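Student: File follows, final.cif with mmCIF, N, CA and C atoms:
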data_my_file
loop_
_atom_site.label_atom_id
_atom_site.label_comp_id
_atom_site.auth_asym_id
_atom_site.auth_seq_id
_atom_site.Cartn_x
_atom_site.Cartn_y
_atom_site.Cartn_z
N MET A 1 -60.51 -2.40 48.25
CA MET A 1 -61.14 -2.35 46.95
C MET A 1 -62.64 -2.43 47.15
N ALA A 2 -63.38 -1.48 46.66
CA ALA A 2 -64.83 -1.45 46.82
C ALA A 2 -65.49 -2.33 45.77
N ALA A 3 -66.59 -2.95 46.16
CA ALA A 3 -67.34 -3.79 45.23
C ALA A 3 -68.11 -2.92 44.25
N PRO A 4 -68.23 -3.35 42.99
CA PRO A 4 -69.01 -2.58 42.03
C PRO A 4 -70.50 -2.68 42.39
N PRO A 5 -71.31 -1.72 41.94
CA PRO A 5 -72.74 -1.77 42.27
C PRO A 5 -73.41 -3.01 41.68
N ASN A 6 -73.01 -3.45 40.54
CA ASN A 6 -73.55 -4.67 39.93
C ASN A 6 -72.43 -5.36 39.18
N SER A 7 -72.60 -6.65 38.96
CA SER A 7 -71.60 -7.40 38.21
C SER A 7 -71.63 -6.98 36.76
N TYR A 8 -70.49 -6.97 36.13
CA TYR A 8 -70.36 -6.52 34.76
C TYR A 8 -71.08 -7.44 33.79
N ASN A 9 -71.97 -6.90 32.96
CA ASN A 9 -72.59 -7.60 31.84
C ASN A 9 -73.16 -8.95 32.25
N SER A 10 -73.91 -9.01 33.32
CA SER A 10 -74.34 -10.27 33.89
C SER A 10 -75.84 -10.46 33.79
N VAL A 11 -76.27 -11.69 33.44
CA VAL A 11 -77.68 -12.03 33.50
C VAL A 11 -78.02 -12.59 34.87
N VAL A 12 -77.02 -12.86 35.66
CA VAL A 12 -77.20 -13.39 37.01
C VAL A 12 -76.87 -12.29 38.00
N ASN A 13 -77.77 -12.04 38.93
CA ASN A 13 -77.46 -11.06 39.95
C ASN A 13 -77.21 -11.79 41.25
N LEU A 14 -75.95 -12.01 41.56
CA LEU A 14 -75.57 -12.66 42.80
C LEU A 14 -75.31 -11.63 43.89
N ARG A 15 -75.65 -10.40 43.62
CA ARG A 15 -75.50 -9.31 44.57
C ARG A 15 -74.05 -9.16 45.05
N LEU A 16 -73.13 -9.27 44.12
CA LEU A 16 -71.74 -9.05 44.50
C LEU A 16 -71.52 -7.61 44.93
N GLY A 17 -72.42 -6.73 44.51
CA GLY A 17 -72.35 -5.36 44.97
C GLY A 17 -72.64 -5.25 46.46
N SER A 18 -73.19 -6.30 47.04
CA SER A 18 -73.50 -6.31 48.47
C SER A 18 -72.37 -6.91 49.30
N VAL A 19 -71.25 -7.21 48.68
CA VAL A 19 -70.11 -7.72 49.43
C VAL A 19 -69.74 -6.66 50.46
N PRO A 20 -69.58 -7.07 51.71
CA PRO A 20 -69.28 -6.07 52.75
C PRO A 20 -68.06 -5.22 52.38
N GLN A 21 -68.20 -3.94 52.60
CA GLN A 21 -67.13 -3.01 52.28
C GLN A 21 -65.90 -3.24 53.15
N GLY A 22 -66.06 -4.01 54.24
CA GLY A 22 -64.95 -4.25 55.15
C GLY A 22 -63.92 -5.25 54.63
N ILE A 23 -64.18 -5.87 53.48
CA ILE A 23 -63.22 -6.83 52.92
C ILE A 23 -62.07 -6.02 52.31
N GLN A 24 -60.96 -6.10 52.95
CA GLN A 24 -59.80 -5.32 52.51
C GLN A 24 -58.90 -6.09 51.55
N ASP A 25 -59.01 -7.42 51.58
CA ASP A 25 -58.12 -8.26 50.79
C ASP A 25 -58.63 -8.31 49.34
N LYS A 26 -57.89 -7.68 48.45
CA LYS A 26 -58.34 -7.64 47.05
C LYS A 26 -58.39 -9.03 46.44
N TYR A 27 -57.58 -9.96 46.94
CA TYR A 27 -57.60 -11.32 46.40
C TYR A 27 -58.89 -12.06 46.76
N VAL A 28 -59.40 -11.82 47.95
CA VAL A 28 -60.68 -12.41 48.35
C VAL A 28 -61.78 -11.87 47.46
N TYR A 29 -61.77 -10.57 47.23
CA TYR A 29 -62.76 -9.97 46.37
C TYR A 29 -62.66 -10.52 44.94
N GLU A 30 -61.45 -10.62 44.41
CA GLU A 30 -61.26 -11.17 43.07
C GLU A 30 -61.72 -12.61 42.99
N ASP A 31 -61.49 -13.38 44.07
CA ASP A 31 -61.98 -14.76 44.10
C ASP A 31 -63.50 -14.79 44.05
N LEU A 32 -64.17 -13.87 44.74
CA LEU A 32 -65.63 -13.79 44.67
C LEU A 32 -66.09 -13.52 43.25
N LEU A 33 -65.41 -12.64 42.55
CA LEU A 33 -65.76 -12.36 41.16
C LEU A 33 -65.52 -13.58 40.28
N ASP A 34 -64.43 -14.31 40.52
CA ASP A 34 -64.16 -15.52 39.75
C ASP A 34 -65.25 -16.55 39.96
N VAL A 35 -65.71 -16.71 41.20
CA VAL A 35 -66.79 -17.65 41.49
C VAL A 35 -68.06 -17.23 40.76
N HIS A 36 -68.37 -15.94 40.82
CA HIS A 36 -69.54 -15.44 40.10
C HIS A 36 -69.46 -15.76 38.61
N ASN A 37 -68.33 -15.47 38.00
CA ASN A 37 -68.18 -15.72 36.57
C ASN A 37 -68.27 -17.19 36.23
N ALA A 38 -67.72 -18.06 37.08
CA ALA A 38 -67.80 -19.51 36.85
C ALA A 38 -69.24 -19.99 36.95
N ILE A 39 -69.97 -19.52 37.95
CA ILE A 39 -71.37 -19.92 38.10
C ILE A 39 -72.18 -19.45 36.90
N GLU A 40 -71.95 -18.22 36.49
CA GLU A 40 -72.68 -17.70 35.34
C GLU A 40 -72.39 -18.52 34.09
N GLN A 41 -71.15 -18.86 33.87
CA GLN A 41 -70.79 -19.61 32.69
C GLN A 41 -71.43 -20.99 32.70
N LEU A 42 -71.39 -21.67 33.84
CA LEU A 42 -71.98 -23.00 33.94
C LEU A 42 -73.50 -22.98 33.87
N ALA A 43 -74.10 -22.07 34.59
CA ALA A 43 -75.55 -22.08 34.71
C ALA A 43 -76.27 -21.41 33.56
N PHE A 44 -75.64 -20.44 32.91
CA PHE A 44 -76.36 -19.65 31.93
C PHE A 44 -75.73 -19.61 30.57
N GLN A 45 -74.78 -20.49 30.33
CA GLN A 45 -74.10 -20.50 29.04
C GLN A 45 -75.09 -20.68 27.90
N GLY A 46 -76.01 -21.60 28.04
CA GLY A 46 -76.91 -21.89 26.94
C GLY A 46 -78.25 -21.22 27.01
N THR A 47 -78.66 -20.74 28.15
CA THR A 47 -79.99 -20.19 28.23
C THR A 47 -80.12 -18.87 27.52
N ARG A 48 -79.05 -18.17 27.31
CA ARG A 48 -79.14 -16.91 26.59
C ARG A 48 -79.67 -17.13 25.18
N ASN A 49 -79.24 -18.20 24.53
CA ASN A 49 -79.67 -18.41 23.15
C ASN A 49 -81.17 -18.62 23.06
N SER A 50 -81.76 -19.41 23.97
CA SER A 50 -83.18 -19.71 23.87
C SER A 50 -84.04 -18.49 24.14
N GLU A 51 -83.51 -17.51 24.84
CA GLU A 51 -84.27 -16.30 25.10
C GLU A 51 -84.11 -15.28 23.99
N SER A 52 -83.11 -15.43 23.15
CA SER A 52 -82.78 -14.34 22.26
C SER A 52 -83.08 -14.59 20.79
N SER A 53 -83.27 -15.83 20.38
CA SER A 53 -83.45 -16.02 18.95
C SER A 53 -84.53 -17.04 18.63
N VAL A 54 -85.32 -16.70 17.63
CA VAL A 54 -86.32 -17.62 17.09
C VAL A 54 -85.99 -17.78 15.62
N ILE A 55 -85.76 -19.01 15.20
CA ILE A 55 -85.41 -19.30 13.82
C ILE A 55 -86.56 -20.10 13.20
N SER A 56 -87.08 -19.63 12.09
CA SER A 56 -88.19 -20.31 11.42
C SER A 56 -87.69 -20.86 10.08
N PHE A 57 -88.00 -22.12 9.84
CA PHE A 57 -87.59 -22.76 8.59
C PHE A 57 -88.82 -23.01 7.73
N PRO A 58 -88.77 -22.68 6.44
CA PRO A 58 -89.95 -22.79 5.57
C PRO A 58 -90.27 -24.23 5.19
N ALA A 59 -91.49 -24.40 4.71
CA ALA A 59 -91.91 -25.70 4.18
C ALA A 59 -90.95 -26.11 3.07
N GLY A 60 -90.66 -27.39 2.98
CA GLY A 60 -89.75 -27.89 1.97
C GLY A 60 -88.34 -28.10 2.49
N THR A 61 -88.05 -27.59 3.68
CA THR A 61 -86.74 -27.82 4.30
C THR A 61 -86.77 -29.20 4.93
N SER A 62 -85.96 -30.12 4.43
CA SER A 62 -86.03 -31.50 4.94
C SER A 62 -85.04 -31.78 6.07
N THR A 63 -83.94 -31.04 6.12
CA THR A 63 -82.94 -31.23 7.17
C THR A 63 -82.54 -29.87 7.72
N ILE A 64 -82.56 -29.77 9.04
CA ILE A 64 -82.19 -28.53 9.72
C ILE A 64 -81.06 -28.86 10.68
N GLU A 65 -79.91 -28.25 10.49
CA GLU A 65 -78.80 -28.44 11.42
C GLU A 65 -78.77 -27.26 12.39
N ILE A 66 -78.98 -27.58 13.66
CA ILE A 66 -79.05 -26.56 14.70
C ILE A 66 -77.66 -26.03 15.01
N LEU A 67 -77.56 -24.74 15.19
CA LEU A 67 -76.32 -24.10 15.63
C LEU A 67 -76.48 -23.68 17.09
N PRO A 68 -75.39 -23.61 17.84
CA PRO A 68 -75.49 -23.26 19.26
C PRO A 68 -76.20 -21.93 19.53
N GLU A 69 -76.11 -20.98 18.61
CA GLU A 69 -76.74 -19.69 18.86
C GLU A 69 -78.24 -19.68 18.61
N TYR A 70 -78.79 -20.74 18.01
CA TYR A 70 -80.23 -20.82 17.81
C TYR A 70 -80.90 -21.00 19.16
N GLY A 71 -82.09 -20.45 19.30
CA GLY A 71 -82.86 -20.62 20.52
C GLY A 71 -84.06 -21.51 20.25
N THR A 72 -85.13 -20.90 19.78
CA THR A 72 -86.35 -21.62 19.42
C THR A 72 -86.33 -21.88 17.92
N ILE A 73 -86.62 -23.12 17.55
CA ILE A 73 -86.61 -23.52 16.15
C ILE A 73 -88.03 -23.87 15.76
N LEU A 74 -88.58 -23.16 14.78
CA LEU A 74 -89.94 -23.41 14.30
C LEU A 74 -89.84 -24.16 12.98
N VAL A 75 -90.54 -25.30 12.92
CA VAL A 75 -90.43 -26.20 11.77
C VAL A 75 -91.77 -26.31 11.05
N ASN A 76 -91.73 -26.17 9.72
CA ASN A 76 -92.92 -26.36 8.90
C ASN A 76 -92.77 -27.68 8.15
N ALA A 77 -93.58 -28.67 8.53
CA ALA A 77 -93.51 -30.00 7.91
C ALA A 77 -94.72 -30.26 7.03
N SER A 78 -95.17 -29.24 6.31
CA SER A 78 -96.36 -29.41 5.47
C SER A 78 -96.05 -30.04 4.12
N LEU A 79 -94.77 -30.08 3.72
CA LEU A 79 -94.41 -30.68 2.43
C LEU A 79 -93.63 -31.98 2.55
N GLY A 80 -93.35 -32.42 3.78
CA GLY A 80 -92.60 -33.66 3.97
C GLY A 80 -91.99 -33.73 5.35
N ASP A 81 -91.47 -34.91 5.67
CA ASP A 81 -90.81 -35.11 6.96
C ASP A 81 -89.60 -34.19 7.08
N VAL A 82 -89.31 -33.79 8.32
CA VAL A 82 -88.18 -32.90 8.59
C VAL A 82 -87.33 -33.53 9.69
N THR A 83 -86.02 -33.51 9.49
CA THR A 83 -85.08 -33.97 10.52
C THR A 83 -84.33 -32.76 11.06
N VAL A 84 -84.42 -32.58 12.38
CA VAL A 84 -83.71 -31.50 13.07
C VAL A 84 -82.50 -32.15 13.74
N ILE A 85 -81.30 -31.74 13.35
CA ILE A 85 -80.07 -32.36 13.85
C ILE A 85 -79.40 -31.41 14.85
N LEU A 86 -79.30 -31.89 16.08
CA LEU A 86 -78.60 -31.14 17.13
C LEU A 86 -77.10 -31.34 17.00
N TYR A 87 -76.32 -30.36 17.35
CA TYR A 87 -74.87 -30.46 17.34
C TYR A 87 -74.42 -31.35 18.51
N PRO A 88 -73.17 -31.81 18.52
CA PRO A 88 -72.70 -32.66 19.63
C PRO A 88 -72.89 -31.94 20.97
N PRO A 89 -73.42 -32.65 21.97
CA PRO A 89 -73.70 -32.01 23.25
C PRO A 89 -72.47 -31.42 23.93
N SER A 90 -71.30 -31.95 23.64
CA SER A 90 -70.08 -31.42 24.25
C SER A 90 -69.75 -30.01 23.74
N ALA A 91 -70.37 -29.61 22.63
CA ALA A 91 -70.11 -28.28 22.06
C ALA A 91 -70.91 -27.18 22.75
N GLY A 92 -71.78 -27.57 23.68
CA GLY A 92 -72.59 -26.55 24.36
C GLY A 92 -73.18 -27.05 25.65
N ILE A 93 -72.34 -27.30 26.63
CA ILE A 93 -72.82 -27.78 27.92
C ILE A 93 -73.77 -26.73 28.51
N GLY A 94 -74.97 -27.17 28.83
CA GLY A 94 -75.97 -26.26 29.38
C GLY A 94 -76.81 -25.56 28.34
N ASN A 95 -76.47 -25.69 27.07
CA ASN A 95 -77.27 -25.05 26.03
C ASN A 95 -78.64 -25.70 25.97
N SER A 96 -79.65 -24.87 25.71
CA SER A 96 -81.00 -25.38 25.56
C SER A 96 -81.63 -24.81 24.30
N HIS A 97 -82.52 -25.58 23.71
CA HIS A 97 -83.23 -25.19 22.51
C HIS A 97 -84.66 -25.68 22.62
N ASN A 98 -85.57 -24.95 22.01
CA ASN A 98 -86.96 -25.38 21.90
C ASN A 98 -87.23 -25.66 20.44
N VAL A 99 -87.79 -26.84 20.15
CA VAL A 99 -88.12 -27.20 18.78
C VAL A 99 -89.63 -27.39 18.71
N LYS A 100 -90.29 -26.69 17.79
CA LYS A 100 -91.74 -26.79 17.66
C LYS A 100 -92.10 -26.96 16.19
N GLN A 101 -92.96 -27.93 15.93
CA GLN A 101 -93.52 -28.09 14.59
C GLN A 101 -94.75 -27.20 14.52
N ILE A 102 -94.71 -26.19 13.67
CA ILE A 102 -95.78 -25.20 13.62
C ILE A 102 -96.80 -25.47 12.53
N ALA A 103 -96.51 -26.39 11.61
CA ALA A 103 -97.45 -26.68 10.54
C ALA A 103 -97.11 -28.03 9.92
N GLY A 104 -98.11 -28.65 9.33
CA GLY A 104 -97.88 -29.85 8.54
C GLY A 104 -98.38 -31.13 9.17
N THR A 105 -98.66 -32.08 8.30
CA THR A 105 -99.12 -33.40 8.74
C THR A 105 -97.99 -34.42 8.73
N TYR A 106 -96.84 -34.02 8.25
CA TYR A 106 -95.68 -34.91 8.27
C TYR A 106 -95.00 -34.83 9.64
N THR A 107 -93.96 -35.60 9.82
CA THR A 107 -93.31 -35.72 11.12
C THR A 107 -91.99 -34.95 11.16
N THR A 108 -91.71 -34.39 12.31
CA THR A 108 -90.41 -33.77 12.59
C THR A 108 -89.69 -34.68 13.57
N VAL A 109 -88.44 -35.05 13.27
CA VAL A 109 -87.63 -35.87 14.17
C VAL A 109 -86.47 -35.02 14.66
N VAL A 110 -86.31 -34.94 15.97
CA VAL A 110 -85.21 -34.20 16.59
C VAL A 110 -84.19 -35.23 17.04
N LYS A 111 -82.98 -35.15 16.49
CA LYS A 111 -81.96 -36.13 16.81
C LYS A 111 -80.57 -35.51 16.83
N CYS A 112 -79.63 -36.27 17.36
CA CYS A 112 -78.22 -35.88 17.35
C CYS A 112 -77.46 -37.04 16.74
N LEU A 113 -76.50 -36.74 15.89
CA LEU A 113 -75.76 -37.81 15.21
C LEU A 113 -74.68 -38.42 16.10
N THR A 114 -74.33 -37.76 17.20
CA THR A 114 -73.24 -38.23 18.05
C THR A 114 -73.68 -38.68 19.44
N ALA A 115 -74.95 -38.48 19.79
CA ALA A 115 -75.41 -38.82 21.13
C ALA A 115 -76.93 -39.00 21.12
N PRO A 116 -77.47 -39.72 22.09
CA PRO A 116 -78.93 -39.89 22.15
C PRO A 116 -79.62 -38.60 22.60
N VAL A 117 -80.89 -38.51 22.26
CA VAL A 117 -81.75 -37.44 22.76
C VAL A 117 -82.72 -38.10 23.74
N ASP A 118 -82.59 -37.79 25.00
CA ASP A 118 -83.41 -38.38 26.05
C ASP A 118 -83.34 -39.92 25.99
N ASP A 119 -82.12 -40.44 25.84
CA ASP A 119 -81.82 -41.87 25.75
C ASP A 119 -82.40 -42.56 24.53
N ASP A 120 -82.81 -41.81 23.53
CA ASP A 120 -83.36 -42.39 22.30
C ASP A 120 -82.40 -42.09 21.15
N VAL A 121 -81.72 -43.11 20.63
CA VAL A 121 -80.74 -42.90 19.56
C VAL A 121 -81.40 -42.59 18.22
N ASP A 122 -82.67 -42.92 18.06
CA ASP A 122 -83.38 -42.64 16.82
C ASP A 122 -83.98 -41.24 16.78
N GLY A 123 -83.97 -40.55 17.90
CA GLY A 123 -84.51 -39.20 17.96
C GLY A 123 -85.93 -39.19 18.50
N ILE A 124 -86.44 -37.99 18.69
CA ILE A 124 -87.77 -37.76 19.23
C ILE A 124 -88.66 -37.24 18.11
N SER A 125 -89.83 -37.85 17.92
CA SER A 125 -90.76 -37.45 16.86
C SER A 125 -91.78 -36.45 17.36
N LEU A 126 -92.04 -35.46 16.51
CA LEU A 126 -93.05 -34.44 16.81
C LEU A 126 -94.09 -34.45 15.70
N ASP A 127 -95.34 -34.28 16.09
CA ASP A 127 -96.42 -34.08 15.14
C ASP A 127 -96.80 -32.60 15.14
N ASN A 128 -97.80 -32.25 14.35
CA ASN A 128 -98.20 -30.86 14.21
C ASN A 128 -98.52 -30.22 15.57
N LEU A 129 -97.95 -29.06 15.80
CA LEU A 129 -98.12 -28.23 16.98
C LEU A 129 -97.49 -28.81 18.25
N GLU A 130 -96.72 -29.88 18.14
CA GLU A 130 -95.99 -30.39 19.29
C GLU A 130 -94.64 -29.68 19.39
N ALA A 131 -94.13 -29.63 20.62
CA ALA A 131 -92.85 -28.98 20.87
C ALA A 131 -92.10 -29.72 21.95
N ILE A 132 -90.76 -29.63 21.89
CA ILE A 132 -89.94 -30.15 22.98
C ILE A 132 -88.80 -29.17 23.28
N PRO A 133 -88.52 -28.97 24.56
CA PRO A 133 -87.32 -28.24 24.94
C PRO A 133 -86.22 -29.26 25.23
N VAL A 134 -85.03 -29.04 24.70
CA VAL A 134 -83.92 -29.95 24.95
C VAL A 134 -82.76 -29.17 25.57
N ILE A 135 -81.97 -29.88 26.39
CA ILE A 135 -80.81 -29.27 27.04
C ILE A 135 -79.66 -30.25 27.01
N SER A 136 -78.45 -29.74 26.87
CA SER A 136 -77.24 -30.56 26.81
C SER A 136 -76.57 -30.61 28.18
N ASP A 137 -76.12 -31.82 28.57
CA ASP A 137 -75.31 -31.94 29.78
C ASP A 137 -73.84 -32.16 29.43
N GLY A 138 -73.53 -32.05 28.14
CA GLY A 138 -72.16 -32.26 27.68
C GLY A 138 -71.91 -33.65 27.15
N VAL A 139 -72.80 -34.59 27.47
CA VAL A 139 -72.68 -35.98 27.02
C VAL A 139 -73.87 -36.37 26.15
N SER A 140 -75.06 -35.95 26.55
CA SER A 140 -76.30 -36.27 25.85
C SER A 140 -77.19 -35.05 25.81
N TRP A 141 -78.29 -35.18 25.07
CA TRP A 141 -79.36 -34.19 25.05
C TRP A 141 -80.54 -34.76 25.82
N TYR A 142 -81.23 -33.93 26.58
CA TYR A 142 -82.38 -34.38 27.37
C TYR A 142 -83.55 -33.43 27.18
N ILE A 143 -84.76 -34.00 27.22
CA ILE A 143 -85.96 -33.18 27.22
C ILE A 143 -86.09 -32.62 28.63
N HIS A 144 -86.37 -31.34 28.73
CA HIS A 144 -86.55 -30.71 30.05
C HIS A 144 -87.76 -29.82 30.04
N ASN A 145 -88.24 -29.49 31.20
CA ASN A 145 -89.41 -28.59 31.30
C ASN A 145 -88.98 -27.23 31.71
#
Translate the structure described by the file into structure tokens.
Tutor:
Amino acid sequence: MAAPPNSYNSVVNLRLGSVPQGIQDKYVYEDLLDVHNAIEQLAFQGTRNSESSVISFPAGTSTIEILPEYGTILVNASLGDVTVILYPPSAGIGNSHNVKQIAGTYTTVVKCLTAPVDDDVDGISLDNLEAIPVISDGVSWYIHN
């Protein structure tokens, strides 16, 4: 069985197309594909969202519930404090989001109702033009660079 030139629909290029043509055992080749798919799922499950979507919420929105498909969340806190609520980390292992307060003198708090954010159960506060990237490990949310 010959290796395909590139992995199907993949954001990760593990060069499976470079698997030596001398591998005759189709099960070995299929195992290589399974490993590729597992690595892609673990490593890139959540990063696709942060690269693909920017969601902007208007002034006057006091509570924002983040969905797994959201990537970057832009918050306008010019009319009052805003609470950004992350979904349970177990719902998106490896998912990452960027939250930025783009306007306002009020505060934006990024929190999760079921787990701490960077070991803070009260959430992380942002002022005007501040931003944080967060990532889920399946148990908690953490600030990452």
Student: Against stretch 80-93 of chain A, which residues of stretch 102-130 of chain A fall within 8 Å? For each one I want the closest pair of atoms and the distance in Å (one decimal), counting only N, CA and C atoms, rows by chain and increasing residue number, as a tab-separated table.
Tutor:
residue	atom	partner	partner_atom	distance
A:Gly104	CA	A:Gly80	N	7.1
A:Thr105	C	A:Gly80	C	6.9
A:Tyr106	CA	A:Gly80	C	4.9
A:Thr107	C	A:Val82	N	4.1
A:Thr108	CA	A:Val82	C	4.2
A:Val109	C	A:Val84	N	3.9
A:Val110	CA	A:Val84	C	4.4
A:Lys111	C	A:Leu86	N	3.9
A:Cys112	CA	A:Leu86	N	4.3
A:Leu113	N	A:Leu86	C	5.5
A:Thr114	CA	A:Pro88	CA	5.8
A:Ala115	N	A:Pro88	CA	6.2
Student: If you apply the PyMOL selection byres (((chain A and resi 54-57 and name CA) around 10) and name CA) to this file, what residues do you get, as a count of residues only?
Tutor: 28
Student: Enter the distance from atom CA of A:Gly138 to atom N of A:Leu67, in Å, rounded to one decimal.
Tutor: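 Going from atom CA of A:Gly138 over to atom N of A:Leu67 covers 15.5 Å.
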Student: Expressed in Å to a single decimal, how great is the separation between atom N of A:Leu79 and atom CA of A:Ile132?
Tutor: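 One can read the atom N of A:Leu79 to atom CA of A:Ile132 distance as 19.9 Å.
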Student: Measure the distance from atom N of A:Val117 to atom CA of A:Leu129 in Å and round it to one decimal.
Tutor: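 Separation of atom N of A:Val117 and atom CA of A:Leu129: 20.7 Å.
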Student: To verify the selection step, state as a VMD selection string which residues the PyMOL selection byres ((chain A and resi 143) around 5) yields on this input.
Tutor: chain A and resid 118 133 to 134 141 to 142 144 to 145
Student: Please evaluate the PyMOL selection byres ((chain A and resi 94) around 5) against the structure above and give the resulting residues as a PyMOL selection string.
Tutor: chain A and resi 46+92-93+95-96+136-137
